[in-house]
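The next block is my_file_9.cif, given as mmCIF, C-alpha atoms.
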data_run
#
loop_
_atom_site.label_atom_id
_atom_site.label_comp_id
_atom_site.auth_asym_id
_atom_site.auth_seq_id
_atom_site.Cartn_x
_atom_site.Cartn_y
_atom_site.Cartn_z
CA ASP A 30 139.74 -45.39 -50.51
CA GLY A 31 138.37 -47.22 -53.51
CA GLY A 32 140.26 -46.91 -56.74
CA ILE A 33 142.57 -48.32 -59.35
CA THR A 34 146.30 -48.64 -58.89
CA GLN A 35 148.88 -49.16 -61.59
CA SER A 36 152.50 -49.91 -61.05
CA PRO A 37 155.10 -48.91 -61.75
CA LYS A 38 154.56 -45.27 -62.79
CA TYR A 39 157.61 -45.36 -65.08
CA LEU A 40 159.14 -48.42 -66.68
CA PHE A 41 162.22 -48.74 -68.84
CA ARG A 42 163.11 -51.84 -70.83
CA LYS A 43 165.48 -52.92 -73.52
CA GLU A 44 164.12 -53.96 -76.88
CA GLY A 45 163.39 -57.69 -77.03
CA GLN A 46 162.36 -58.03 -73.39
CA ASN A 47 158.86 -58.82 -72.23
CA VAL A 48 157.45 -56.58 -69.51
CA THR A 49 154.35 -56.87 -67.30
CA LEU A 50 152.30 -53.89 -66.15
CA SER A 51 150.23 -54.25 -63.02
CA CYS A 52 146.61 -53.11 -62.55
CA GLU A 53 144.59 -53.63 -59.37
CA GLN A 54 141.14 -52.31 -58.45
CA ASN A 55 139.14 -52.41 -55.24
CA LEU A 56 135.93 -50.99 -56.69
CA ASN A 57 134.34 -54.45 -57.02
CA HIS A 58 133.94 -53.83 -60.76
CA ASP A 59 133.42 -56.82 -63.03
CA ALA A 60 134.88 -55.27 -66.18
CA MET A 61 138.48 -54.17 -66.68
CA TYR A 62 140.27 -52.64 -69.66
CA TRP A 63 143.71 -51.79 -70.98
CA TYR A 64 144.26 -48.78 -73.23
CA ARG A 65 147.26 -47.33 -74.94
CA GLN A 66 147.65 -43.55 -75.37
CA ASP A 67 150.00 -41.98 -77.90
CA PRO A 68 150.40 -38.25 -78.64
CA GLY A 69 147.75 -36.98 -81.05
CA GLN A 70 145.70 -40.17 -80.89
CA GLY A 71 142.66 -41.16 -78.89
CA LEU A 72 142.86 -43.90 -76.32
CA ARG A 73 143.00 -47.25 -78.11
CA LEU A 74 141.66 -50.42 -76.54
CA ILE A 75 144.14 -53.28 -76.20
CA TYR A 76 142.20 -55.90 -74.22
CA TYR A 77 139.17 -56.04 -71.99
CA SER A 78 137.66 -58.52 -69.58
CA GLN A 79 134.09 -58.74 -68.36
CA ILE A 80 134.51 -61.69 -66.02
CA VAL A 81 137.25 -63.66 -64.30
CA ASN A 82 139.10 -66.12 -66.56
CA ASP A 83 137.70 -64.51 -69.71
CA PHE A 84 139.00 -61.65 -71.86
CA GLN A 85 138.65 -60.33 -75.40
CA LYS A 86 140.96 -58.60 -77.83
CA GLY A 87 140.44 -54.92 -78.44
CA ASP A 88 141.46 -52.94 -81.49
CA ILE A 89 145.25 -53.25 -81.10
CA ALA A 90 145.90 -56.57 -79.28
CA GLU A 91 148.84 -57.74 -81.39
CA GLY A 92 152.02 -58.03 -79.29
CA TYR A 93 150.15 -57.92 -75.98
CA SER A 94 148.76 -60.54 -73.61
CA VAL A 95 146.62 -60.42 -70.47
CA SER A 96 145.26 -62.64 -67.73
CA ARG A 97 142.30 -62.32 -65.36
CA GLU A 98 142.75 -64.83 -62.58
CA LYS A 99 141.20 -62.59 -59.93
CA LYS A 100 138.40 -60.04 -60.14
CA GLU A 101 140.68 -57.35 -58.72
CA SER A 102 143.66 -57.85 -61.01
CA PHE A 103 144.21 -57.52 -64.77
CA PRO A 104 147.95 -57.51 -65.63
CA LEU A 105 149.14 -56.64 -69.13
CA THR A 106 152.26 -58.14 -70.68
CA VAL A 107 153.94 -56.23 -73.48
CA THR A 108 155.83 -58.83 -75.47
CA SER A 109 158.84 -58.47 -77.72
CA ALA A 110 156.46 -58.92 -80.66
CA GLN A 111 154.97 -55.47 -80.07
CA LYS A 112 156.69 -53.33 -82.70
CA ASN A 113 156.30 -49.94 -81.06
CA PRO A 114 155.78 -50.49 -77.32
CA THR A 115 156.82 -47.06 -76.03
CA ALA A 116 153.59 -45.40 -74.86
CA PHE A 117 151.44 -44.40 -71.90
CA TYR A 118 149.35 -47.37 -70.73
CA LEU A 119 146.07 -46.88 -68.90
CA CYS A 120 143.99 -49.42 -67.02
CA ALA A 121 140.29 -48.85 -66.35
CA SER A 122 137.36 -50.63 -64.77
CA SER A 123 133.58 -50.38 -64.83
CA ILE A 124 130.38 -52.00 -63.71
CA LEU A 125 129.33 -54.56 -66.30
CA ARG A 126 127.36 -53.05 -69.20
CA ASN A 127 127.93 -49.56 -67.80
CA GLY A 128 130.03 -47.26 -69.95
CA GLU A 129 131.36 -45.19 -67.04
CA GLN A 130 134.95 -46.33 -66.87
CA TYR A 131 137.29 -45.25 -64.09
CA PHE A 132 140.97 -44.99 -64.84
CA GLY A 133 144.18 -45.65 -62.98
CA PRO A 134 147.12 -43.20 -62.94
CA GLY A 135 148.87 -44.89 -65.87
CA THR A 136 152.26 -46.43 -66.56
CA ARG A 137 154.70 -44.79 -68.96
CA LEU A 138 156.72 -47.47 -70.70
CA THR A 139 159.90 -46.61 -72.56
CA VAL A 140 161.62 -49.27 -74.65
CA THR A 141 165.06 -48.55 -76.10
CA GLU B 6 132.79 -46.68 -89.44
CA ASP B 7 131.92 -45.35 -86.01
CA GLN B 8 133.86 -42.18 -85.27
CA VAL B 9 134.25 -39.60 -82.54
CA THR B 10 135.68 -36.19 -83.49
CA GLN B 11 136.60 -33.44 -81.04
CA SER B 12 137.16 -29.78 -81.89
CA PRO B 13 139.08 -27.63 -81.57
CA GLU B 14 142.30 -29.59 -81.02
CA ALA B 15 143.58 -26.82 -78.79
CA LEU B 16 141.98 -23.77 -77.19
CA ARG B 17 143.60 -20.90 -75.35
CA LEU B 18 141.34 -18.74 -73.17
CA GLN B 19 141.82 -15.83 -70.85
CA GLU B 20 140.63 -16.35 -67.28
CA GLY B 21 136.90 -15.59 -67.22
CA GLU B 22 136.44 -16.01 -70.98
CA SER B 23 133.67 -18.58 -71.51
CA SER B 24 133.71 -21.03 -74.42
CA SER B 25 132.60 -24.46 -75.62
CA LEU B 26 134.28 -27.67 -76.70
CA ASN B 27 132.63 -29.91 -79.28
CA CYS B 28 132.37 -33.69 -79.62
CA SER B 29 130.62 -35.04 -82.71
CA TYR B 30 129.95 -38.70 -83.44
CA THR B 31 128.70 -40.91 -86.23
CA VAL B 32 126.90 -43.91 -84.87
CA SER B 33 123.56 -45.58 -84.76
CA GLY B 34 122.25 -46.68 -81.41
CA LEU B 35 124.27 -44.49 -79.05
CA ARG B 36 124.23 -45.95 -75.55
CA GLY B 37 126.03 -43.14 -73.76
CA LEU B 38 128.48 -40.26 -74.13
CA PHE B 39 131.16 -39.55 -71.55
CA TRP B 40 133.38 -36.57 -70.77
CA TYR B 41 136.73 -36.92 -69.02
CA ARG B 42 139.40 -34.49 -67.87
CA GLN B 43 143.04 -35.52 -68.19
CA ASP B 44 145.96 -33.69 -66.61
CA PRO B 45 149.46 -34.21 -68.06
CA GLY B 46 150.96 -37.57 -67.12
CA LYS B 47 147.82 -38.74 -65.31
CA GLY B 48 144.85 -40.98 -66.01
CA PRO B 49 141.55 -39.50 -67.23
CA GLU B 50 139.16 -38.32 -64.53
CA PHE B 51 135.47 -39.02 -65.12
CA LEU B 52 133.28 -35.89 -65.40
CA PHE B 53 129.86 -36.61 -66.94
CA THR B 54 127.64 -39.22 -68.57
CA LEU B 55 124.88 -38.24 -71.04
CA TYR B 56 122.40 -40.78 -72.39
CA SER B 57 119.78 -38.99 -74.46
CA ALA B 58 119.36 -35.91 -76.64
CA GLY B 59 118.40 -32.87 -74.60
CA GLU B 60 120.11 -34.08 -71.45
CA GLU B 61 122.37 -31.67 -69.55
CA LYS B 62 124.77 -32.17 -66.64
CA GLU B 63 126.63 -29.52 -64.61
CA LYS B 64 129.60 -29.49 -62.29
CA GLU B 65 131.07 -26.23 -61.04
CA ARG B 66 132.07 -24.23 -64.15
CA LEU B 67 131.38 -27.10 -66.55
CA LYS B 68 128.13 -27.96 -68.30
CA ALA B 69 127.71 -30.83 -70.75
CA THR B 70 124.89 -31.05 -73.28
CA LEU B 71 123.87 -33.67 -75.83
CA THR B 72 122.08 -33.59 -79.19
CA LYS B 73 121.51 -36.44 -81.63
CA LYS B 74 124.89 -36.00 -83.31
CA GLU B 75 127.10 -34.03 -80.94
CA SER B 76 127.86 -32.96 -77.42
CA PHE B 77 129.17 -29.68 -76.07
CA LEU B 78 131.20 -29.03 -72.96
CA HIS B 79 130.55 -25.43 -71.96
CA ILE B 80 133.10 -23.78 -69.69
CA THR B 81 131.82 -20.69 -67.89
CA ALA B 82 134.29 -18.14 -66.51
CA PRO B 83 137.22 -20.59 -66.58
CA LYS B 84 140.12 -20.44 -64.15
CA PRO B 85 143.74 -21.49 -64.76
CA GLU B 86 143.09 -24.71 -62.83
CA ASP B 87 140.64 -25.75 -65.55
CA SER B 88 143.59 -26.15 -67.91
CA ALA B 89 143.72 -29.79 -69.04
CA THR B 90 142.90 -32.07 -71.94
CA TYR B 91 139.19 -32.85 -72.17
CA LEU B 92 138.30 -36.22 -73.68
CA CYS B 93 134.99 -37.36 -75.11
CA ALA B 94 134.04 -41.04 -75.44
CA VAL B 95 131.01 -42.76 -76.90
CA GLN B 96 129.59 -46.14 -75.97
CA PHE B 97 128.39 -48.28 -78.83
CA PRO B 98 126.43 -51.53 -78.69
CA TYR B 99 129.08 -53.98 -79.90
CA GLY B 100 127.22 -57.23 -79.43
CA GLY B 101 128.15 -58.65 -76.04
CA ALA B 102 130.71 -55.91 -75.36
CA THR B 103 128.09 -53.35 -74.53
CA ASN B 104 130.45 -51.19 -72.49
CA LYS B 105 133.14 -50.68 -75.13
CA LEU B 106 134.07 -47.02 -75.67
CA ILE B 107 135.44 -45.10 -78.64
CA PHE B 108 137.50 -42.05 -77.62
CA GLY B 109 138.11 -38.79 -79.42
CA THR B 110 141.60 -37.30 -79.56
CA GLY B 111 140.77 -34.61 -77.03
CA THR B 112 140.83 -30.81 -76.75
CA LEU B 113 143.81 -29.26 -74.98
CA LEU B 114 142.54 -26.29 -72.99
CA ALA B 115 144.88 -23.62 -71.65
CA VAL B 116 143.44 -20.89 -69.42
CA GLN B 117 145.74 -17.94 -68.89
CA PRO B 118 145.48 -15.71 -65.79
#
Encoding of this model in C-alpha cells:
Amino acid sequence: DGGITQSPKYLFRKEGQNVTLSCEQNLNHDAMYWYRQDPGQGLRLIYYSQIVNDFQKGDIAEGYSVSREKKESFPLTVTSAQKNPTAFYLCASSILRNGEQYFGPGTRLTVT
Amino acid sequence: EDQVTQSPEALRLQEGESSSLNCSYTVSGLRGLFWYRQDPGKGPEFLFTLYSAGEEKEKERLKATLTKKESFLHITAPKPEDSATYLCAVQFPYGGATNKLIFGTGTLLAVQP
C-alpha cells in the first residue's frame, strides 16, 4: 500500500532535549511538508522540500530543522530553541506543483 | 494578507439533517481549493479539489462547490460516522512554491443519532 508513515505516534521529551520525528513516503512524490497543528489554529507550515537536498522555511521555521537526503524521507528535528514544542506534527507529500497534499497519521509530541 | 476563514467553528446536527459548511478566502490568483476530513488524533484525509468557480465535486453524502470568493461543503442526510473536523485549504501562487497551502481552522461537525 502506498502512503506516508510517521513515527513514533507519541513522543515525550524533557525540556532542553532535541528530538527527531520521522516521515517516510512511498508515493514517489517529489514534494514533502511538515506542519504543526495546535488547538483552535489552522495547520501551520514549518518546512517544505520540493527536491532532494533542497528545502525552504515555512511560516514558523524557528527552532526546527530538516534534511532531505532521500526522496522518500523528510525528518524533522525539534530543537531546544523551539519555545513551545508541544503540539501535533503532521507530515505531507504531493506531486510537484500540485496542491493535493496527502498526510501521514501524525506524531504527538509532549515536552515537559 | 491572504486568509482562509471557515464557518461555523462547530456544528451539531441530527442524523438526516442536511447542512452546509463554509470556507471563504481573500486572495488573487487562486490555484486550487481543497477539502479534508480529520478525525481526532489522526492526519487529514483528502476529500476534494476545486479549481474554478462553478465547479462541483461529490462523494457519497458530501458535495463541494466553489464560487469566486468561497466554497461550500454540503452534507446531505448526514450519519454519525460523518462526525469529524472538516478542513479547507487554498493554494496560492507563491513564486516558486506553487503548491503551498493556507489552511482554515476547520469546522467541527457532530452528528447525533
Residue hits in chain B, query chain A, radius 12 Å, only C-alpha atoms, as a count of residues only:
52
Pull out every residue that the PyMOL selection byres ((chain B and resi 82) around 7) matches in the shown coordinates and put them as a ChimeraX atom specification.
/B:20-23,66,80-81,83-84
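If only C-alpha atoms are the atoms counted, then among A:Ser36, A:Thr141, A:Ser51, A:Asn57 the closest residue to Ser96 in chain A is A:Ser51.
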Just how far from CA of His58 in chain A is CA of Tyr93 in chain A, in Å to one decimal?
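If I compute the distance from CA of Tyr93 in chain A to CA of His58 in chain A, I get 22.6 Å.
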In Å, rounded to a single decimal, give me how far CA of Thr106 in chain A is from CA of Leu56 in chain A.
22.7 Å
Taking only C-alpha atoms into account, name the residue in A:Tyr64, A:Asp83, A:Lys99, A:Ser122 that is nearest to Gly31 in chain A.
A:Ser122
So which residues are close to (124.1, -30.8, -78.5), meaning at most 9 Å away in the file's coordinates with all atoms listed in the file counted, and can you show them as a PDB file with C-alpha atoms, in the frame of the given file?
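Below you can see part23.pdb, which holds the result:
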ATOM      1  CA  ASN B  27     132.630 -29.910 -79.280  1.00  0.00           C
ATOM      2  CA  CYS B  28     132.370 -33.690 -79.620  1.00  0.00           C
ATOM      3  CA  SER B  29     130.620 -35.040 -82.710  1.00  0.00           C
ATOM      4  CA  ALA B  58     119.360 -35.910 -76.640  1.00  0.00           C
ATOM      5  CA  GLY B  59     118.400 -32.870 -74.600  1.00  0.00           C
ATOM      6  CA  GLU B  60     120.110 -34.080 -71.450  1.00  0.00           C
ATOM      7  CA  ALA B  69     127.710 -30.830 -70.750  1.00  0.00           C
ATOM      8  CA  THR B  70     124.890 -31.050 -73.280  1.00  0.00           C
ATOM      9  CA  LEU B  71     123.870 -33.670 -75.830  1.00  0.00           C
ATOM     10  CA  THR B  72     122.080 -33.590 -79.190  1.00  0.00           C
ATOM     11  CA  LYS B  73     121.510 -36.440 -81.630  1.00  0.00           C
ATOM     12  CA  LYS B  74     124.890 -36.000 -83.310  1.00  0.00           C
ATOM     13  CA  GLU B  75     127.100 -34.030 -80.940  1.00  0.00           C
ATOM     14  CA  SER B  76     127.860 -32.960 -77.420  1.00  0.00           C
ATOM     15  CA  PHE B  77     129.170 -29.680 -76.070  1.00  0.00           C
TER      16      PHE B  77
END
Apply the PyMOL selection byres ((chain A and resi 82) around 6) to the structure shown and report the selected residues as a VMD selection string.
chain A and resid 81 83 97 to 98
Chain and number of each residue from the PyMOL selection byres ((chain B and resi 17) around 6), as a list in words
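With the shown file as input, the PyMOL selection byres ((chain B and resi 17) around 6) matches Leu16, Leu18, Leu114, Ala115 and Val116 of chain B.
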The selected residues should be written to file as a compact mmCIF listing (two decimals), in the frame of the given file (atoms: C-alpha atoms).
# COMPACT_ATOMS: atom_id res chain seq x y z
CA LEU B 16 141.98 -23.77 -77.19
CA LEU B 18 141.34 -18.74 -73.17
CA LEU B 114 142.54 -26.29 -72.99
CA ALA B 115 144.88 -23.62 -71.65
CA VAL B 116 143.44 -20.89 -69.42
Box centre and edge lengths (Å, one decimal), axis-aligned, range 119-135 of chain A plus 3 Å each side, as JSON:
{"center_x": 138.1, "center_y": -48.9, "center_z": -66.4, "size_x": 27.5, "size_y": 17.4, "size_z": 13.0}
May I ask for the distance between CA of Leu105 in chain A and CA of Ile89 in chain A, given in Å to one decimal place?
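Calculated distance between CA of Leu105 in chain A and CA of Ile89 in chain A is 13.0 Å.
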Please identify all polymer residues within 8 Å of range 44-48 of chain A, counting only C-alpha atoms, omitting same-chain residues fewer than 4 positions from it, and present them as an MDAnalysis selection string.
chainID A and resid 106:110 140:141
